[in-house]
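Here the structure is laid out as structure tokens; the discussion comes afterwards.
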Amino acid sequence: MEHQIRGTVMQSVEVSLQAGESVYTEAGGMAWMSPDIGMETNMKGGMMGALKRAVAGESLFMTTYTAPSAPGFVTFTLETPGTIIPMELAPGQTIICQRDAFMCAQSSVQLDMHFHKRLGAGLFGGEGFILQKVTGPGVAFFEVAGETVEYNLQAGQSLKVDPGHLALMDPTVDFDITMIKGVTNVLFGGEGLFLANVSGPGRVWLQSMPLPNLAAKLSRYIATK
């Protein structure tokens with residue numbers, strides 16, 4: 001399976017499939033495709049798999065696109081301005097991502113939910129207790145709001161991040177929530193009460209424009225009655 005990412009702020013990814021290869025996404029996630037591609041919509045993983053996906057922010061139904069006997073392509077597009085991140089995952093390799101970050105993947109890739117291990121991270125982390133867990137083998141694509149910055153944290157190295165800016169991370173990364181210190185910082189700092197503390201070893205991908213921030217900015221220009 002090959003792919004090509006096009007565009008800048010509203011990217012698309014064209015996935016080229018050889019005969020017998022397939023890729024899946026949530027229902028309604030496809031933008032356009034070649035006429036010889038077949039599609040099948042079902043509850044991938046059965047009822048339990050569908051319920052887990054729903055809890056993790058995906059749709060109950062997933063659609064699989066297959067090249068039955070000849071090569072073809074399927075194109076997927078971003079829902080909001082941002083960046084597409086492709087990853088080739090080895091067998092058993094896992095990526096943890098925020099809800100709605102999963103875009104599409106080879107049929108061999110497993111999509112599941114992931115629970116925060118710590119109460120504080122779940123209550124105040126901005127995405128609740130449940131994130132998404134994507135496990136190889138295979139190629140998976142993720143959509144990130146805005147531009148992307150990647151850090152490879154060494155053991156003991158850490159970053160403090162506004163929780164909404166955390167998009168993806170390796171499962172080895174420790175994620176916890178800390179309260180901002182100082183009354184003035186809390187009242188007038190504009191960052192809320194909490195920051196995420198991410199510690200290595202492992203990679204983290206940060207997004208420059210979380211969707212809640214974008215929505216809050218646009219709301220100022222939307223007339224209300």
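Chain labels A, B, ... are given in the sequence in which chains occur in the structure tokens; within each chain residues are numbered consecutively from 1, and ligands are likewise numbered from 1 in the order shown.
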
*Could you name the residues that touch Ser22 in chain A at 6 Å or less, counting only C-alpha atoms, but leaving out those on the same chain fewer than 2 positions away, as a VMD selection string?*
chain A and resid 65 to 66 107

*Identify, on the basis of only C-alpha atoms, every residue whose closest approach to range 157-161 of chain A does not exceed 6 Å; exclude the query and any residue fewer than 6 positions from it along the same chain; express the result as a list in words.*
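Once the nearby chain positions are removed, what remains is Leu195, Ala196, Asn197, Val198, Ser199 and Gly200 of chain A.
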
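Omitting Cys104 in chain A and its sequence neighbours fewer than 3 positions away, and counting only C-alpha atoms, the residues within 6 Å are Tyr24, Thr25, Ala140 and Phe141 of chain A.
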
*Nearest to Met30 in chain A: which of A:Met87, A:Leu17, A:Ile95, A:Leu78 is it, counting only C-alpha atoms?*
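That would be A:Leu78, the residue with the smallest distance to Met30 in chain A.
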
*Using only C-alpha atoms, which residues sit within 9 Å of Ala70 in chain A once same-chain residues fewer than 5 positions away are excluded, as an MDAnalysis selection string?*
chainID A and resid 17:20 36:37

*Could you check which of A:Thr172, A:Thr75, A:Thr64, A:Thr94 is closest to His3 in chain A, using only C-alpha atoms?*
A:Thr75

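As for CA of Gln4 in chain A and CA of Ser208 in chain A, they are spaced 23.0 Å apart.
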
*Quick one: residues within 6 Å of Gly72 in chain A, only C-alpha atoms counted, chain neighbours fewer than 5 positions away excluded, as a VMD selection string?*
chain A and resid 16 to 17 34 67

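The closest residue to Pro86 in chain A, picked from A:Gln106, A:Ser219, A:Asn42, A:Thr178 and counting only C-alpha atoms, is A:Gln106.
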
*Between A:Asp170, A:Met1, A:Val109, A:Gly164, single out the one closest to Leu89 in chain A, counting only C-alpha atoms.*
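Checking each candidate against Leu89 in chain A, we get A:Val109 as the closest.
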
*Measuring atom to atom with only C-alpha atoms, identify which of A:Ile5, A:Ala105, A:Ile85, A:Met209 is nearest to Gly146 in chain A.*
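Ranking A:Ile5, A:Ala105, A:Ile85, A:Met209 by distance to Gly146 in chain A, first place goes to A:Met209.
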